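Data from data_19.pdb: PDB, C-alpha atoms and all ligand atoms
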MODEL        1
ATOM      1  CA  MET G   1     -88.849-168.016 210.822  1.00  0.00           C
ATOM      2  CA  ILE G   2     -92.374-169.251 211.227  1.00  0.00           C
ATOM      3  CA  PRO G   3     -93.944-169.124 214.707  1.00  0.00           C
ATOM      4  CA  LEU G   4     -92.835-172.223 216.623  1.00  0.00           C
ATOM      5  CA  PRO G   5     -93.778-174.805 217.668  1.00  0.00           C
ATOM      6  CA  GLN G   6     -96.220-175.833 214.934  1.00  0.00           C
ATOM      7  CA  ALA G   7     -98.568-178.705 215.680  1.00  0.00           C
ATOM      8  CA  GLY G   8    -100.489-180.902 213.316  1.00  0.00           C
ATOM      9  CA  GLY G   9    -101.846-184.353 212.718  1.00  0.00           C
ATOM     10  CA  CYS G  10    -103.998-186.663 210.662  1.00  0.00           C
ATOM     11  CA  ILE G  11    -107.693-186.077 210.089  1.00  0.00           C
ATOM     12  CA  CYS G  12    -108.904-188.568 212.734  1.00  0.00           C
ATOM     13  CA  GLY G  13    -106.572-187.110 215.352  1.00  0.00           C
ATOM     14  CA  ASP G  14    -104.880-190.377 216.343  1.00  0.00           C
ATOM     15  CA  ILE G  15    -101.549-189.083 215.090  1.00  0.00           C
ATOM     16  CA  ARG G  16    -100.308-185.747 216.323  1.00  0.00           C
ATOM     17  CA  PHE G  17     -96.959-184.097 215.754  1.00  0.00           C
ATOM     18  CA  VAL G  18     -95.113-181.012 216.888  1.00  0.00           C
ATOM     19  CA  LEU G  19     -92.476-179.311 214.754  1.00  0.00           C
ATOM     20  CA  ARG G  20     -89.955-177.490 216.921  1.00  0.00           C
ATOM     21  CA  ASP G  21     -87.754-175.863 214.276  1.00  0.00           C
ATOM     22  CA  ASP G  22     -88.108-173.858 211.080  1.00  0.00           C
ATOM     23  CA  PRO G  23     -88.594-176.115 208.027  1.00  0.00           C
ATOM     24  CA  VAL G  24     -85.623-176.595 205.707  1.00  0.00           C
ATOM     25  CA  THR G  25     -87.883-175.650 202.826  1.00  0.00           C
ATOM     26  CA  VAL G  26     -91.485-175.716 201.671  1.00  0.00           C
ATOM     27  CA  TYR G  27     -92.372-176.400 198.062  1.00  0.00           C
ATOM     28  CA  ALA G  28     -95.340-177.492 195.986  1.00  0.00           C
ATOM     29  CA  CYS G  29     -94.932-180.631 193.915  1.00  0.00           C
ATOM     30  CA  HIS G  30     -97.169-180.737 190.864  1.00  0.00           C
ATOM     31  CA  CYS G  31     -96.072-184.194 189.686  1.00  0.00           C
ATOM     32  CA  THR G  32     -98.769-186.614 188.562  1.00  0.00           C
ATOM     33  CA  ASP G  33     -97.960-189.026 191.433  1.00  0.00           C
ATOM     34  CA  CYS G  34     -98.730-186.292 193.969  1.00  0.00           C
ATOM     35  CA  GLN G  35    -101.902-185.355 192.076  1.00  0.00           C
ATOM     36  CA  THR G  36    -103.068-188.984 192.162  1.00  0.00           C
ATOM     37  CA  GLU G  37    -102.090-189.518 195.777  1.00  0.00           C
ATOM     38  CA  THR G  38    -103.583-186.309 197.160  1.00  0.00           C
ATOM     39  CA  GLY G  39    -106.546-186.161 194.805  1.00  0.00           C
ATOM     40  CA  SER G  40    -105.612-182.528 194.387  1.00  0.00           C
ATOM     41  CA  THR G  41    -103.468-180.284 192.194  1.00  0.00           C
ATOM     42  CA  CYS G  42    -100.262-180.629 194.166  1.00  0.00           C
ATOM     43  CA  LEU G  43     -98.634-181.733 197.369  1.00  0.00           C
ATOM     44  CA  ILE G  44     -97.283-179.072 199.695  1.00  0.00           C
ATOM     45  CA  ALA G  45     -94.075-180.655 200.934  1.00  0.00           C
ATOM     46  CA  VAL G  46     -92.706-179.286 204.205  1.00  0.00           C
ATOM     47  CA  ILE G  47     -89.157-180.588 204.521  1.00  0.00           C
ATOM     48  CA  VAL G  48     -88.027-180.726 208.131  1.00  0.00           C
ATOM     49  CA  ARG G  49     -85.245-182.156 210.240  1.00  0.00           C
ATOM     50  CA  ARG G  50     -86.491-185.479 211.574  1.00  0.00           C
ATOM     51  CA  SER G  51     -84.921-184.773 214.972  1.00  0.00           C
ATOM     52  CA  LYS G  52     -87.076-181.634 215.287  1.00  0.00           C
ATOM     53  CA  VAL G  53     -90.426-183.431 214.978  1.00  0.00           C
ATOM     54  CA  ASP G  54     -92.096-185.261 217.857  1.00  0.00           C
ATOM     55  CA  PHE G  55     -94.929-187.657 217.102  1.00  0.00           C
ATOM     56  CA  THR G  56     -97.488-188.501 219.769  1.00  0.00           C
ATOM     57  CA  GLY G  57    -100.483-190.832 219.793  1.00  0.00           C
ATOM     58  CA  ALA G  58    -100.594-193.653 217.290  1.00  0.00           C
ATOM     59  CA  THR G  59     -97.374-194.733 215.604  1.00  0.00           C
ATOM     60  CA  PRO G  60     -97.333-193.768 211.916  1.00  0.00           C
ATOM     61  CA  GLU G  61     -97.368-196.880 209.768  1.00  0.00           C
ATOM     62  CA  SER G  62     -94.764-197.179 207.069  1.00  0.00           C
ATOM     63  CA  CYS G  63     -96.306-198.199 203.781  1.00  0.00           C
ATOM     64  CA  GLY G  64     -94.346-198.996 200.686  1.00  0.00           C
ATOM     65  CA  VAL G  65     -95.804-199.868 197.314  1.00  0.00           C
ATOM     66  CA  THR G  66     -94.450-200.718 193.908  1.00  0.00           C
ATOM     67  CA  LEU G  67     -96.127-198.626 191.246  1.00  0.00           C
ATOM     68  CA  PRO G  68     -97.323-200.201 187.962  1.00  0.00           C
ATOM     69  CA  ASP G  69     -94.196-198.836 186.261  1.00  0.00           C
ATOM     70  CA  GLY G  70     -91.909-200.464 188.825  1.00  0.00           C
ATOM     71  CA  ARG G  71     -90.954-197.414 190.870  1.00  0.00           C
ATOM     72  CA  GLU G  72     -91.048-197.710 194.651  1.00  0.00           C
ATOM     73  CA  LYS G  73     -93.085-195.282 196.738  1.00  0.00           C
ATOM     74  CA  SER G  74     -93.114-195.068 200.495  1.00  0.00           C
ATOM     75  CA  GLY G  75     -94.848-192.946 203.048  1.00  0.00           C
ATOM     76  CA  LEU G  76     -96.216-192.824 206.553  1.00  0.00           C
ATOM     77  CA  ARG G  77     -99.917-193.306 207.210  1.00  0.00           C
ATOM     78  CA  CYS G  78    -102.217-193.223 210.188  1.00  0.00           C
ATOM     79  CA  PRO G  79    -103.186-196.813 211.080  1.00  0.00           C
ATOM     80  CA  ARG G  80    -106.812-195.784 211.699  1.00  0.00           C
ATOM     81  CA  CYS G  81    -107.813-193.186 209.060  1.00  0.00           C
ATOM     82  CA  ARG G  82    -105.025-194.046 206.589  1.00  0.00           C
ATOM     83  CA  GLY G  83    -104.415-190.353 206.189  1.00  0.00           C
ATOM     84  CA  PRO G  84    -100.954-189.023 205.364  1.00  0.00           C
ATOM     85  CA  ALA G  85     -98.517-188.672 208.268  1.00  0.00           C
ATOM     86  CA  GLY G  86     -95.309-187.646 206.576  1.00  0.00           C
ATOM     87  CA  GLY G  87     -92.772-189.429 204.484  1.00  0.00           C
ATOM     88  CA  ASP G  88     -89.140-189.887 203.712  1.00  0.00           C
ATOM     89  CA  SER G  89     -87.033-187.228 202.136  1.00  0.00           C
ATOM     90  CA  ARG G  90     -83.922-187.733 200.075  1.00  0.00           C
ATOM     91  CA  GLY G  91     -81.586-185.930 202.430  1.00  0.00           C
ATOM     92  CA  ALA G  92     -80.153-187.739 205.435  1.00  0.00           C
ATOM     93  CA  GLY G  93     -81.884-186.761 208.639  1.00  0.00           C
ATOM     94  CA  LEU G  94     -84.735-185.069 206.805  1.00  0.00           C
ATOM     95  CA  MET G  95     -88.373-185.973 206.440  1.00  0.00           C
ATOM     96  CA  MET G  96     -91.393-184.559 204.689  1.00  0.00           C
ATOM     97  CA  LEU G  97     -94.595-183.448 206.373  1.00  0.00           C
ATOM     98  CA  GLU G  98     -97.676-182.787 204.239  1.00  0.00           C
ATOM     99  CA  GLY G  99     -98.497-179.086 204.394  1.00  0.00           C
ATOM    100  CA  GLY G 100    -102.220-179.605 204.842  1.00  0.00           C
ATOM    101  CA  THR G 101    -101.720-181.663 207.997  1.00  0.00           C
ATOM    102  CA  PHE G 102    -100.628-178.640 210.060  1.00  0.00           C
ATOM    103  CA  ASP G 103    -103.259-177.070 212.313  1.00  0.00           C
ATOM    104  CA  ASP G 104    -102.195-173.583 211.246  1.00  0.00           C
ATOM    105  CA  THR G 105    -101.631-173.456 207.490  1.00  0.00           C
ATOM    106  CA  SER G 106    -101.339-169.680 207.188  1.00  0.00           C
ATOM    107  CA  TRP G 107     -97.524-169.796 206.767  1.00  0.00           C
ATOM    108  CA  LEU G 108     -97.483-172.486 204.092  1.00  0.00           C
ATOM    109  CA  GLU G 109     -96.839-170.405 200.974  1.00  0.00           C
ATOM    110  CA  PRO G 110     -94.243-172.465 199.084  1.00  0.00           C
ATOM    111  CA  ALA G 111     -90.766-171.129 198.377  1.00  0.00           C
ATOM    112  CA  GLY G 112     -90.862-172.889 195.036  1.00  0.00           C
ATOM    113  CA  HIS G 113     -92.740-175.187 192.696  1.00  0.00           C
ATOM    114  CA  ILE G 114     -91.478-178.441 191.195  1.00  0.00           C
ATOM    115  CA  TRP G 115     -92.777-180.573 188.345  1.00  0.00           C
ATOM    116  CA  THR G 116     -94.475-177.504 186.904  1.00  0.00           C
ATOM    117  CA  ARG G 117     -94.456-179.388 183.585  1.00  0.00           C
ATOM    118  CA  SER G 118     -97.478-181.337 184.805  1.00  0.00           C
ATOM    119  CA  ALA G 119     -99.130-178.542 186.825  1.00  0.00           C
ATOM    120  CA  GLN G 120    -102.815-178.093 186.104  1.00  0.00           C
ATOM    121  CA  PRO G 121    -103.076-175.245 183.579  1.00  0.00           C
ATOM    122  CA  TRP G 122    -105.486-173.270 185.740  1.00  0.00           C
ATOM    123  CA  VAL G 123    -103.207-173.314 188.788  1.00  0.00           C
ATOM    124  CA  ARG G 124    -101.627-169.879 189.103  1.00  0.00           C
ATOM    125  CA  ILE G 125     -97.977-169.981 190.077  1.00  0.00           C
ATOM    126  CA  PRO G 126     -96.599-166.554 191.033  1.00  0.00           C
ATOM    127  CA  GLU G 127     -94.375-165.208 188.243  1.00  0.00           C
ATOM    128  CA  ASP G 128     -91.426-164.607 190.548  1.00  0.00           C
ATOM    129  CA  ALA G 129     -91.599-168.086 192.112  1.00  0.00           C
ATOM    130  CA  LEU G 130     -88.665-170.463 191.870  1.00  0.00           C
ATOM    131  CA  CYS G 131     -89.842-173.149 189.435  1.00  0.00           C
ATOM    132  CA  PHE G 132     -88.475-176.439 188.164  1.00  0.00           C
ATOM    133  CA  ALA G 133     -90.131-178.218 185.258  1.00  0.00           C
ATOM    134  CA  GLU G 134     -89.233-181.649 186.641  1.00  0.00           C
ATOM    135  CA  GLN G 135     -87.426-183.182 189.616  1.00  0.00           C
ATOM    136  CA  PRO G 136     -84.833-180.729 190.979  1.00  0.00           C
ATOM    137  CA  SER G 137     -81.215-181.812 191.270  1.00  0.00           C
ATOM    138  CA  GLY G 138     -79.443-181.770 194.621  1.00  0.00           C
ATOM    139  CA  GLU G 139     -78.094-178.326 193.857  1.00  0.00           C
ATOM    140  CA  GLU G 140     -81.541-177.090 192.903  1.00  0.00           C
ATOM    141  CA  PHE G 141     -82.913-178.401 196.197  1.00  0.00           C
ATOM    142  CA  VAL G 142     -80.327-176.236 197.931  1.00  0.00           C
ATOM    143  CA  SER G 143     -81.725-173.234 196.073  1.00  0.00           C
ATOM    144  CA  LEU G 144     -85.226-174.159 197.306  1.00  0.00           C
ATOM    145  CA  ALA G 145     -83.874-174.179 200.860  1.00  0.00           C
ATOM    146  CA  ARG G 146     -82.201-170.815 200.292  1.00  0.00           C
ATOM    147  CA  ALA G 147     -85.410-169.343 198.839  1.00  0.00           C
ATOM    148  CA  TRP G 148     -87.365-170.476 201.914  1.00  0.00           C
ATOM    149  CA  LYS G 149     -84.825-168.934 204.261  1.00  0.00           C
ATOM    150  CA  GLU G 150     -84.806-165.634 202.384  1.00  0.00           C
ATOM    151  CA  ARG G 151     -88.578-165.560 202.271  1.00  0.00           C
ATOM    152  CA  ALA G 152     -88.961-166.304 205.967  1.00  0.00           C
ATOM    153  CA  SER G 153     -86.333-163.904 207.277  1.00  0.00           C
TER     154      SER G 153
HETATM  155 ZN    ZN S 201    -105.740-190.770 211.592  1.00  0.00          ZN
HETATM  156 ZN    ZN S 202     -94.809-185.018 193.521  1.00  0.00          ZN
ENDMDL
END
Would you encode the structure as structure tokens?
Amino acid sequence: MIPLPQAGGCICGDIRFVLRDDPVTVYACHCTDCQTETGSTCLIAVIVRRSKVDFTGATPESCGVTLPDGREKSGLRCPRCRGPAGGDSRGAGLMMLEGGTFDDTSWLEPAGHIWTRSAQPWVRIPEDALCFAEQPSGEEFVSLARAWKERAS
């Protein structure tokens, strides 16, 4: 378990959140969408139970866009700075918080890495890390959750 609660928020401070329970899992996504969206090498996705996160301050704005190839993308943004403020997750009752938005990021080491196929070649992924070349299946997501639990216990 990570020390709880864990607070965070957007860069302008209008949106603040408090996570009151251990994340379900934490992984790094190296897909090209995440690289484009973050302007970085990967997104650190902290998957949490929605009921265990309290938002205060401004209400995160839901923004959905259709990508040039027709896929739909959605996420939550701060209405003032437009910074990331979480997003949907595939599982019912789950949501994603962006790792870098936590005040304390010392516990963020991912339990696994996904879309390693498009990872920048100079990014060093630990040899013993759980890796998926592309999008993990439902079963593989369960293994990411298990790896986080084992790592944190
Ligand atoms: Zn903001
Ligand atoms: Zn991604």
- Message: Going by the chain IDs and residue numbers used in this file, which residues fall under the PyMOL selection byres (((not hetatm)) within 6 of (chain S and resi 202))? Write them as a PyMOL selection string.
- Response: chain G and resi 29-31+33-34
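Interatomic distance, CA of Leu67 in chain G to CA of Leu94 in chain G: 23.6 Å.
Between CA of Cys131 in chain G and CA of Arg71 in chain G lies a distance of 24.3 Å.
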- Task: Up to 12 Å from (-104.3, -189.3, 205.8) in the file's coordinates: name the residues, counting all atoms listed in the file, as an NGL selection string.
- Result: :G and (8-16 or 37-39 or 60-61 or 75-87 or 97-101)
Let me see the file: selected residues, C-alpha atoms, as a short mmCIF file (atom, residue, chain, number, x, y, z; two decimals), keeping the file's coordinate frame.
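Result file selection.cif:
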data_model
loop_
_atom_site.label_atom_id
_atom_site.label_comp_id
_atom_site.auth_asym_id
_atom_site.auth_seq_id
_atom_site.Cartn_x
_atom_site.Cartn_y
_atom_site.Cartn_z
CA GLY G 8 -100.49 -180.90 213.32
CA GLY G 9 -101.85 -184.35 212.72
CA CYS G 10 -104.00 -186.66 210.66
CA ILE G 11 -107.69 -186.08 210.09
CA CYS G 12 -108.90 -188.57 212.73
CA GLY G 13 -106.57 -187.11 215.35
CA ASP G 14 -104.88 -190.38 216.34
CA ILE G 15 -101.55 -189.08 215.09
CA ARG G 16 -100.31 -185.75 216.32
CA GLU G 37 -102.09 -189.52 195.78
CA THR G 38 -103.58 -186.31 197.16
CA GLY G 39 -106.55 -186.16 194.80
CA PRO G 60 -97.33 -193.77 211.92
CA GLU G 61 -97.37 -196.88 209.77
CA GLY G 75 -94.85 -192.95 203.05
CA LEU G 76 -96.22 -192.82 206.55
CA ARG G 77 -99.92 -193.31 207.21
CA CYS G 78 -102.22 -193.22 210.19
CA PRO G 79 -103.19 -196.81 211.08
CA ARG G 80 -106.81 -195.78 211.70
CA CYS G 81 -107.81 -193.19 209.06
CA ARG G 82 -105.02 -194.05 206.59
CA GLY G 83 -104.42 -190.35 206.19
CA PRO G 84 -100.95 -189.02 205.36
CA ALA G 85 -98.52 -188.67 208.27
CA GLY G 86 -95.31 -187.65 206.58
CA GLY G 87 -92.77 -189.43 204.48
CA LEU G 97 -94.60 -183.45 206.37
CA GLU G 98 -97.68 -182.79 204.24
CA GLY G 99 -98.50 -179.09 204.39
CA GLY G 100 -102.22 -179.60 204.84
CA THR G 101 -101.72 -181.66 208.00
#
- Task: List the residues sitting within 9 Å of (-90.3, -192.8, 201.8) in the file's frame, using all atoms listed in the file, as number ranges by chain.
- Result: G: 62-64, 72-76, 86-90, 95-96
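The nearest approach to Ala133 in chain G among the residues G:Glu109, G:Leu19, G:Val65, G:Ala28, with only C-alpha atoms taken into account, belongs to G:Ala28.
Candidate residues G:Ala147, G:Val24, G:Val142, G:Thr56 were compared for distance to ligand ZN 201 (chain S), and the nearest is G:Thr56, using all atoms listed in the file.
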- Item | Long-range neighbours of Leu144 in chain G as a PyMOL selection string, 10 Å cut-off, only C-alpha atoms, 4 positions minimum in chain | chain G and resi 24-27+110-114+130-132+136+138-140+148-150
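If you look at CA of Ile47 in chain G and CA of Gly93 in chain G, they are 10.4 Å away from each other.
Ranking G:Gly91, G:Met1, G:Gly70, G:Ala58 by their shortest atom-to-atom distance to ligand ZN 201 (chain S), with all atoms listed in the file included, puts G:Ala58 first.
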